[in-house]
Structure formats: C-alpha cells, structure tokens
file final_5.txt (compact mmCIF, C-alpha atoms)
# COMPACT_ATOMS: atom_id res chain seq x y z
CA MET B 422 -43.77 -123.50 -274.75
CA SER B 423 -41.02 -122.66 -272.28
CA ALA B 424 -41.65 -119.98 -269.70
CA PRO B 425 -40.17 -116.62 -270.65
CA GLY B 426 -36.66 -116.26 -269.35
CA ASN B 427 -36.40 -119.93 -268.55
CA GLY B 428 -35.71 -121.25 -272.00
CA PRO B 429 -33.62 -124.20 -273.11
CA GLY B 430 -29.93 -124.06 -272.42
CA ASN B 431 -30.75 -121.19 -270.11
CA GLY B 432 -30.63 -122.49 -266.59
CA PRO B 433 -28.37 -121.05 -263.89
CA GLY B 434 -25.98 -123.98 -264.18
CA ASN B 435 -25.30 -123.35 -267.86
CA GLY B 436 -23.10 -120.25 -267.52
CA THR B 437 -25.52 -117.35 -267.95
CA VAL B 438 -23.82 -114.43 -269.71
CA ILE B 439 -26.70 -111.97 -270.08
CA GLU B 440 -29.65 -111.77 -267.71
CA VAL B 441 -32.57 -109.41 -268.22
CA SER B 442 -35.29 -108.90 -265.61
CA GLY B 443 -38.45 -106.79 -265.79
CA LEU B 444 -37.04 -104.69 -268.61
CA ALA B 445 -39.13 -101.78 -269.89
CA LYS B 446 -38.47 -98.83 -272.17
CA GLN B 447 -40.66 -95.82 -272.81
CA PHE B 448 -39.91 -93.01 -275.23
CA VAL B 449 -41.48 -89.56 -275.25
CA LYS B 450 -42.60 -88.09 -278.57
CA ASP B 451 -44.55 -84.84 -278.81
CA ASP B 452 -45.10 -85.00 -275.03
CA VAL B 453 -46.71 -88.43 -275.38
CA GLY B 454 -45.18 -91.51 -273.77
CA ILE B 455 -44.67 -94.42 -276.17
CA VAL B 456 -44.03 -97.85 -274.66
CA ALA B 457 -41.59 -99.86 -276.78
CA LEU B 458 -40.89 -102.71 -274.35
CA GLN B 459 -42.31 -103.82 -271.02
CA GLY B 460 -41.92 -106.70 -268.57
CA PHE B 461 -39.18 -108.37 -270.62
CA ASP B 462 -37.19 -111.24 -269.04
CA LEU B 463 -34.45 -113.28 -270.71
CA ARG B 464 -31.33 -115.28 -269.93
CA ILE B 465 -28.63 -116.06 -272.48
CA ALA B 466 -26.28 -118.97 -271.88
CA GLU B 467 -22.58 -118.74 -272.67
CA GLY B 468 -21.61 -120.02 -276.12
CA SER B 469 -25.20 -120.22 -277.34
CA PHE B 470 -26.57 -118.85 -280.61
CA VAL B 471 -29.95 -117.31 -279.80
CA THR B 472 -32.12 -115.88 -282.55
CA VAL B 473 -34.78 -113.37 -281.51
CA LEU B 474 -37.64 -113.45 -284.00
CA GLY B 475 -40.38 -110.87 -284.31
CA ARG B 476 -42.29 -108.59 -286.62
CA SER B 477 -41.45 -104.92 -287.14
CA GLY B 478 -42.38 -102.77 -284.18
CA CYS B 479 -42.30 -105.50 -281.53
CA GLY B 480 -39.31 -104.00 -279.70
CA LYS B 481 -36.47 -106.20 -281.05
CA SER B 482 -34.06 -103.35 -281.78
CA THR B 483 -34.97 -101.54 -278.55
CA MET B 484 -34.20 -104.73 -276.63
CA LEU B 485 -30.83 -105.12 -278.34
CA ASN B 486 -29.90 -101.48 -277.69
CA LEU B 487 -30.68 -102.02 -274.00
CA LEU B 488 -28.56 -105.20 -273.89
CA ALA B 489 -25.70 -103.29 -275.51
CA GLY B 490 -25.94 -100.47 -272.97
CA LEU B 491 -26.66 -97.89 -275.66
CA THR B 492 -29.90 -96.76 -274.01
CA THR B 493 -31.09 -96.69 -270.40
CA PRO B 494 -34.12 -98.75 -269.39
CA THR B 495 -37.19 -97.07 -267.94
CA ALA B 496 -37.48 -100.02 -265.57
CA GLY B 497 -35.78 -103.35 -264.97
CA THR B 498 -32.18 -104.52 -265.15
CA VAL B 499 -29.64 -105.91 -267.60
CA THR B 500 -26.59 -107.71 -266.22
CA TYR B 501 -23.54 -109.10 -267.98
CA ARG B 502 -21.84 -111.90 -266.04
CA GLY B 503 -23.64 -110.62 -262.96
CA GLU B 504 -22.59 -106.97 -263.39
CA PRO B 505 -25.14 -104.25 -264.21
CA VAL B 506 -24.91 -102.94 -267.77
CA ARG B 507 -24.79 -99.13 -267.51
CA GLY B 508 -23.15 -98.38 -270.84
CA PRO B 509 -21.34 -100.06 -273.76
CA ARG B 510 -18.97 -102.85 -272.71
CA THR B 511 -15.93 -104.06 -274.59
CA GLU B 512 -17.04 -107.67 -274.01
CA MET B 513 -19.98 -107.09 -276.37
CA GLY B 514 -19.74 -106.33 -280.08
CA TYR B 515 -22.75 -104.82 -281.85
CA LEU B 516 -23.52 -105.10 -285.57
CA THR B 517 -26.41 -102.81 -286.49
CA GLN B 518 -28.79 -102.86 -289.46
CA SER B 519 -27.24 -99.75 -290.97
CA ASP B 520 -23.83 -99.37 -292.57
CA THR B 521 -21.58 -97.61 -290.05
CA LEU B 522 -18.25 -97.93 -291.87
CA MET B 523 -16.19 -94.75 -291.98
CA PRO B 524 -16.13 -93.69 -295.67
CA TRP B 525 -12.74 -91.97 -295.39
CA ARG B 526 -11.00 -95.09 -294.08
CA SER B 527 -9.95 -98.06 -296.19
CA VAL B 528 -11.15 -101.58 -295.48
CA HIS B 529 -7.98 -102.27 -293.51
CA LYS B 530 -8.24 -99.04 -291.52
CA ASN B 531 -11.93 -99.64 -290.76
CA VAL B 532 -11.17 -103.10 -289.39
CA GLU B 533 -8.27 -101.70 -287.36
CA LEU B 534 -10.44 -99.09 -285.66
CA PRO B 535 -11.42 -101.00 -282.46
CA LEU B 536 -7.78 -102.02 -281.99
CA GLU B 537 -6.65 -98.44 -282.50
CA ILE B 538 -9.14 -97.20 -279.91
CA GLY B 539 -7.93 -99.93 -277.56
CA GLY B 540 -4.31 -98.77 -277.85
CA VAL B 541 -3.04 -101.91 -279.59
CA PRO B 542 0.42 -101.34 -281.14
CA ALA B 543 0.42 -100.57 -284.88
CA GLN B 544 2.15 -103.77 -286.00
CA ARG B 545 -0.23 -105.97 -284.05
CA ARG B 546 -3.19 -103.96 -285.38
CA ARG B 547 -2.08 -104.54 -288.96
CA GLU B 548 -1.58 -108.26 -288.38
CA ARG B 549 -4.93 -108.77 -286.67
CA ALA B 550 -6.83 -106.74 -289.28
CA SER B 551 -5.20 -108.72 -292.09
CA GLU B 552 -6.12 -111.99 -290.39
CA LEU B 553 -9.78 -110.96 -290.02
CA ILE B 554 -10.02 -109.61 -293.56
CA GLY B 555 -8.85 -113.02 -294.73
CA LYS B 556 -11.40 -114.78 -292.51
CA VAL B 557 -14.30 -112.89 -294.09
CA GLY B 558 -12.98 -113.49 -297.60
CA LEU B 559 -11.86 -109.97 -298.56
CA GLN B 560 -8.19 -110.54 -299.38
CA GLY B 561 -7.13 -108.10 -302.08
CA PHE B 562 -9.61 -105.43 -301.01
CA GLU B 563 -7.64 -104.09 -298.06
CA ARG B 564 -7.00 -100.69 -299.67
CA HIS B 565 -10.49 -100.21 -301.07
CA TYR B 566 -12.88 -97.68 -299.57
CA PRO B 567 -16.51 -98.45 -298.61
CA ARG B 568 -17.86 -96.63 -301.69
CA GLU B 569 -15.92 -99.06 -303.89
CA LEU B 570 -17.54 -102.16 -302.31
CA SER B 571 -20.84 -103.96 -302.81
CA GLY B 572 -23.38 -104.12 -299.99
CA GLY B 573 -22.35 -107.67 -299.15
CA MET B 574 -18.69 -106.75 -299.00
CA ARG B 575 -19.42 -103.82 -296.69
CA ARG B 576 -21.29 -106.22 -294.39
CA ARG B 577 -18.21 -108.46 -294.35
CA VAL B 578 -16.03 -105.48 -293.39
CA SER B 579 -18.47 -104.57 -290.62
CA LEU B 580 -18.36 -108.14 -289.33
CA ALA B 581 -14.55 -108.16 -289.36
CA ARG B 582 -14.45 -104.79 -287.56
CA MET B 583 -16.79 -106.07 -284.85
CA LEU B 584 -14.63 -109.18 -284.39
CA ALA B 585 -11.46 -107.07 -284.20
CA GLY B 586 -12.38 -106.01 -280.68
CA ASP B 587 -12.40 -109.72 -279.71
CA PRO B 588 -15.81 -109.53 -278.01
CA GLU B 589 -17.12 -112.47 -276.01
CA THR B 590 -20.67 -111.79 -277.13
CA LEU B 591 -22.02 -110.65 -280.50
CA LEU B 592 -25.25 -108.64 -280.71
CA MET B 593 -26.58 -108.51 -284.26
CA ASP B 594 -29.61 -106.52 -285.42
CA GLU B 595 -30.90 -107.95 -288.73
CA PRO B 596 -27.41 -107.50 -290.21
CA PHE B 597 -28.16 -109.29 -293.49
CA GLY B 598 -31.74 -108.14 -294.00
CA ALA B 599 -31.01 -105.72 -296.86
CA LEU B 600 -29.02 -108.22 -298.93
CA ASP B 601 -30.21 -110.46 -301.75
CA ALA B 602 -30.84 -114.14 -301.01
CA GLN B 603 -27.49 -115.38 -302.35
CA LEU B 604 -25.40 -112.86 -300.40
CA ARG B 605 -27.47 -113.42 -297.28
CA GLY B 606 -26.87 -117.16 -297.51
CA ASP B 607 -23.13 -116.66 -297.98
CA LEU B 608 -22.86 -114.39 -294.94
CA GLN B 609 -25.03 -116.65 -292.80
CA ALA B 610 -22.65 -119.52 -293.56
CA GLU B 611 -19.66 -117.28 -292.83
CA LEU B 612 -21.10 -116.21 -289.49
CA LEU B 613 -21.81 -119.81 -288.46
CA ARG B 614 -18.27 -120.81 -289.38
CA LEU B 615 -16.78 -117.97 -287.33
CA TRP B 616 -19.07 -118.74 -284.38
CA GLY B 617 -18.15 -122.42 -284.54
CA GLU B 618 -14.46 -121.56 -284.38
CA SER B 619 -14.71 -119.00 -281.59
CA GLY B 620 -17.28 -120.31 -279.11
CA GLN B 621 -18.65 -116.79 -278.76
CA THR B 622 -22.20 -116.09 -277.60
CA VAL B 623 -24.51 -114.66 -280.28
CA VAL B 624 -27.84 -112.84 -279.95
CA PHE B 625 -29.18 -112.41 -283.48
CA VAL B 626 -32.34 -110.39 -284.19
CA THR B 627 -34.35 -111.22 -287.32
CA HIS B 628 -37.88 -111.06 -288.74
CA ASP B 629 -37.23 -114.07 -291.03
CA VAL B 630 -38.40 -117.48 -289.77
CA GLU B 631 -36.07 -119.46 -292.02
CA GLU B 632 -33.04 -117.39 -290.96
CA ALA B 633 -33.93 -117.87 -287.30
CA LEU B 634 -34.02 -121.66 -287.75
CA LEU B 635 -30.96 -121.86 -289.96
CA LEU B 636 -28.76 -119.96 -287.49
CA GLY B 637 -30.05 -120.46 -283.97
CA ASP B 638 -29.86 -123.29 -281.49
CA ARG B 639 -32.67 -121.48 -279.67
CA VAL B 640 -35.39 -119.17 -281.01
CA VAL B 641 -37.18 -116.59 -278.87
CA VAL B 642 -40.32 -115.24 -280.56
CA LEU B 643 -41.47 -111.77 -279.54
CA GLY B 644 -44.95 -110.31 -279.76
CA ARG B 645 -46.07 -106.75 -279.19
CA LEU B 646 -44.06 -104.74 -276.62
CA GLY B 647 -41.51 -107.53 -276.38
CA ARG B 648 -43.86 -110.16 -274.95
CA ILE B 649 -42.22 -113.59 -275.30
CA VAL B 650 -44.75 -115.86 -276.96
CA LEU B 651 -42.40 -118.80 -277.59
CA ASP B 652 -38.95 -119.83 -276.37
CA ARG B 653 -37.92 -122.90 -278.33
CA PRO B 654 -34.80 -125.05 -278.77
CA VAL B 655 -33.90 -125.83 -282.38
CA ASP B 656 -33.32 -129.59 -282.60
CA LEU B 657 -31.65 -129.58 -286.01
CA PRO B 658 -28.15 -131.01 -286.48
CA ARG B 659 -25.28 -128.81 -287.61
CA PRO B 660 -23.97 -127.95 -290.12
CA ARG B 661 -27.27 -126.90 -291.68
CA ASP B 662 -27.86 -126.55 -295.39
CA ALA B 663 -30.77 -124.26 -296.29
CA ASP B 664 -31.85 -126.32 -299.31
CA GLU B 665 -31.82 -129.59 -297.37
CA LEU B 666 -33.55 -128.03 -294.36
CA ARG B 667 -36.58 -126.94 -296.37
CA VAL B 668 -37.60 -130.59 -296.92
CA ASP B 669 -36.69 -131.78 -293.41
CA PRO B 670 -39.89 -132.71 -291.51
CA VAL B 671 -38.48 -131.34 -288.24
CA PHE B 672 -37.68 -128.00 -289.92
CA VAL B 673 -41.13 -127.86 -291.52
CA ALA B 674 -42.80 -128.48 -288.15
CA LEU B 675 -40.64 -125.85 -286.43
CA HIS B 676 -41.31 -123.36 -289.22
CA ARG B 677 -45.05 -123.89 -288.81
CA GLU B 678 -44.79 -123.49 -285.02
CA LEU B 679 -42.79 -120.26 -285.24
CA THR B 680 -45.10 -118.81 -287.90
CA GLY B 681 -48.05 -119.52 -285.63
CA ALA B 682 -46.27 -117.86 -282.70
CA LEU B 683 -45.65 -114.73 -284.82
CA ARG B 684 -49.36 -114.57 -285.61
CA GLU B 685 -50.23 -114.97 -281.95
CA GLY B 686 -47.73 -112.26 -281.00
CA ALA B 687 -49.31 -109.79 -283.40
CA ARG B 688 -52.69 -110.02 -281.65
call {"tool": "encode", "arguments": {"input": "final_5.txt", "output": "structure tokens"}}
result
Amino acid sequence: MSAPGNGPGNGPGNGTVIEVSGLAKQFVKDDVGIVALQGFDLRIAEGSFVTVLGRSGCGKSTMLNLLAGLTTPTAGTVTYRGEPVRGPRTEMGYLTQSDTLMPWRSVHKNVELPLEIGGVPAQRRRERASELIGKVGLQGFERHYPRELSGGMRRRVSLARMLAGDPETLLMDEPFGALDAQLRGDLQAELLRLWGESGQTVVFVTHDVEEALLLGDRVVVLGRLGRIVLDRPVDLPRPRDADELRVDPVFVALHRELTGALREGAR
C-alpha cells in the first residue's frame, strides 16, 4: 500500500495539479459538531484519471466540495497549481450527483451557459455548444428541454456543459450512479474517450469497485472520515472493455484487493 498522499504518478516531478494537506471539515447540526473529514492528504498529478472509492458516509462528497472551493475547510489546505483554493475556480469543472440543468433553457442554451457567463461572443458560443453536443452524441436534440430527455441524455448535457468552460480539471461526484447498467457503460466509455482526447485531469468519486477500475489509472480508497486505506495504481491496459476485464486475472486480483480495502475502511 502506498503512503497516503504519496501515491503512484503523484510525485513532485510529475506536475502536481491539486495538493491537499491536513484537510478537515466539521459541520454543526443541532449545536453538535459532526466531523466529516479529518487529516486528509492527497496529491493529483496533471493528466491523470484518479478514482476515489469509498462507501456512503466516508467523506467523498465533502472532499470533492473542498477541492472545488465550494466549502471552506475547518483545517488544512487545498492548493491548485500551488495557489490556495479559496473559492470556485474556472480551471476546475464540477459534475455533481444531482441534475442541475436549468429546466427553462434548451439543451443548446444549457451547454452555452458557462460561455455566456464568461462573456464569449454569441456566435462563438453557438459554435462551441454545437461542437460539444455532437461530441456527447446529442445531435438533433439541441432544442429539447430537460423534461423531454431521458436521465442518460440529461447526464450527457451536464457533461457537455461542464466541458464548455474548457476546464483543465474535472471533478465528478458519482455522476452516473443513478443510471441503469447500459447507460452507465455508454457514458463511462464517452468520458474515457473525451479524457483521452483532451489530456485533462479527472478526479472521479464512486462507490462502485468495477467503475473505479474501469475508469481510473489510480484508485484511492477511503475509509471513515476520509482515511486513505489504499492508494493503488491500476495496471490495466487501455482501452478497457468491461466484459473482457471481468475475466482478466489482474482485474480480478485488483477487485479483490479494493473490496478488502473497503471492508477495512469501514472498521
């Protein structure tokens, strides 16, 4: 097991994008302090695809919100390319678990939104939104509204909207968890294709062992309060096919190791 924060592809010479040190977060509910995360350390290398695996309640979403600058830590620091993260940054795109599309805007207008906020001229906005809608396979649905789309299609729109801001780093909080197996597989493949083309850095939170192995080139397993119980490189060649992986001895061994780490983390 690698030491927390010193994982594979994570050394100082590998272009660290995100560095987290001594991170802690405590919430107050009914005058009682609730610790969600404590003593968390992590480094993310540029261009890597890191999956963060953990059971519900281990602090995965809290950690991602802190990385994104959406909440303030109780203790510790988060830096992006050496600069303290004190709020949302345009270099980071965030795809949450919930559907945050604006119901009164069409697919095209939803995807345009980050460009509109950024002051991009209308013609360029239209061109870029059309390009991204094509990339996520939604040609012909540009004028549809979210209520007219399936759950999988709304996820594709959300992905395109996140990419419209041209972020260097993608933070993703179980974005495909609510979808059926077929749709989830389609969107996983789409995400890997887009990542392969862009060279962006991805931090992908999941509770699914198979998803963590299918997507990541590194898996960080969290236990209670964000304790890192395993930080493991994924030595599986790309592209990865889910059906073929399930009978690969290396995949089977990794799956067993990660499952064991989840059990240990729950103790």
call {"tool": "residues_around", "arguments": {"input": "final_5.txt", "residues": "Gln609 (chain B)", "least_positions_apart": "4", "cutoff": "8 Å", "atoms": "only C-alpha atoms", "output": "PyMOL selection string"}}
result
chain B and resi 605+613+636
call {"tool": "write_last_selection", "arguments": {"input": "final_5.txt", "atoms": "C-alpha atoms", "output": "CSV table (one decimal), in the frame of the given file"}}
result
chain,number,residue,atom,x,y,z
B,605,ARG,CA,-27.5,-113.4,-297.3
B,613,LEU,CA,-21.8,-119.8,-288.5
B,636,LEU,CA,-28.8,-120.0,-287.5
call {"tool": "closest_residue", "arguments": {"input": "final_5.txt", "among": "B:Leu458, B:Leu666, B:Leu559, B:Ala633", "to": "Leu679 (chain B)", "atoms": "all atoms listed in the file"}}
result
B:Ala633
call {"tool": "closest_residue", "arguments": {"input": "final_5.txt", "among": "B:Lys481, B:Arg577, B:Arg564, B:Arg582", "to": "Glu537 (chain B)", "atoms": "only C-alpha atoms"}}
result
B:Arg582
call {"tool": "residues_around", "arguments": {"input": "final_5.txt", "residues": "Leu635 (chain B)", "least_positions_apart": "6", "cutoff": "12 Å", "atoms": "all atoms listed in the file", "output": "count of residues only"}}
result
30
call {"tool": "residues_around", "arguments": {"input": "final_5.txt", "residues": "region 644-654 of chain B", "least_positions_apart": "2", "cutoff": "8 Å", "atoms": "only C-alpha atoms", "output": "MDAnalysis selection string"}}
result
chainID B and resid 422:425 428:429 456:461 475:476 478:481 484 638:642 656 679 682:683 685:688
call {"tool": "residues_around", "arguments": {"input": "final_5.txt", "residues": "region 569-576 of chain B", "least_positions_apart": "5", "cutoff": "8 Å", "atoms": "only C-alpha atoms", "output": "ChimeraX atom specification"}}
result
/B:520,522,559,596-597,600,604-605,608
call {"tool": "residues_around", "arguments": {"input": "final_5.txt", "residues": "His529 (chain B)", "least_positions_apart": "6", "cutoff": "8 Å", "atoms": "only C-alpha atoms", "output": "NGL selection string"}}
result
:B and (547 or 550-551 or 554 or 563-564)
call {"tool": "closest_atom_pairs", "arguments": {"input": "final_5.txt", "of": "region 482-600 of chain B", "to": "region 462-469 of chain B", "cutoff": "10 Å", "atoms": "all atoms listed in the file", "output": "Markdown table"}}
result
| residue | atom | partner | partner_atom | distance |
| --- | --- | --- | --- | --- |
| B:Gly497 | CA | B:Asp462 | CA | 9.0 |
| B:Thr498 | CA | B:Asp462 | CA | 9.2 |
| B:Val499 | CA | B:Leu463 | CA | 9.3 |
| B:Thr500 | CA | B:Arg464 | CA | 9.7 |
| B:Tyr501 | CA | B:Ile465 | CA | 9.7 |
| B:Arg502 | CA | B:Glu467 | CA | 9.6 |
| B:Glu589 | CA | B:Gly468 | CA | 8.8 |
| B:Thr590 | CA | B:Gly468 | CA | 8.3 |
call {"tool": "atom_distance", "arguments": {"input": "final_5.txt", "atom1": "CA of Gly558 (chain B)", "atom2": "CA of Leu580 (chain B)"}}
result
11.2 Å
call {"tool": "closest_residue", "arguments": {"input": "final_5.txt", "among": "B:Ala585, B:Val557, B:Leu485, B:Val630", "to": "Val541 (chain B)", "atoms": "all atoms listed in the file"}}
result
B:Ala585
call {"tool": "atom_distance", "arguments": {"input": "final_5.txt", "atom1": "CA of Ala581 (chain B)", "atom2": "CA of Arg507 (chain B)"}}
result
25.8 Å
call {"tool": "atom_distance", "arguments": {"input": "final_5.txt", "atom1": "CA of Phe562 (chain B)", "atom2": "CA of Ala543 (chain B)"}}
result
19.6 Å
call {"tool": "residues_near_point", "arguments": {"input": "final_5.txt", "point": "(-18.8, -102.3, -283.7)", "cutoff": "9 Å", "atoms": "all atoms listed in the file", "output": "VMD selection string"}}
result
chain B and resid 513 to 517 521 535 579 to 580 582 to 586
call {"tool": "closest_residue", "arguments": {"input": "final_5.txt", "among": "B:Glu552, B:Asp587, B:Glu533, B:Asp607", "to": "Thr622 (chain B)", "atoms": "only C-alpha atoms"}}
result
B:Asp587
call {"tool": "axis_aligned_box", "arguments": {"input": "final_5.txt", "around": "region 446-455 of chain B", "padding_each_side": "6 Å", "output": "AutoDock Vina command-line options"}}
result
--center_x -42.6 --center_y -91.8 --center_z -275.5 --size_x 20.2 --size_y 26.0 --size_z 18.6
call {"tool": "residues_near_point", "arguments": {"input": "final_5.txt", "point": "(-30.0, -103.6, -292.6)", "cutoff": "7 Å", "atoms": "all atoms listed in the file", "output": "ChimeraX atom specification"}}
result
/B:518-519,595-599
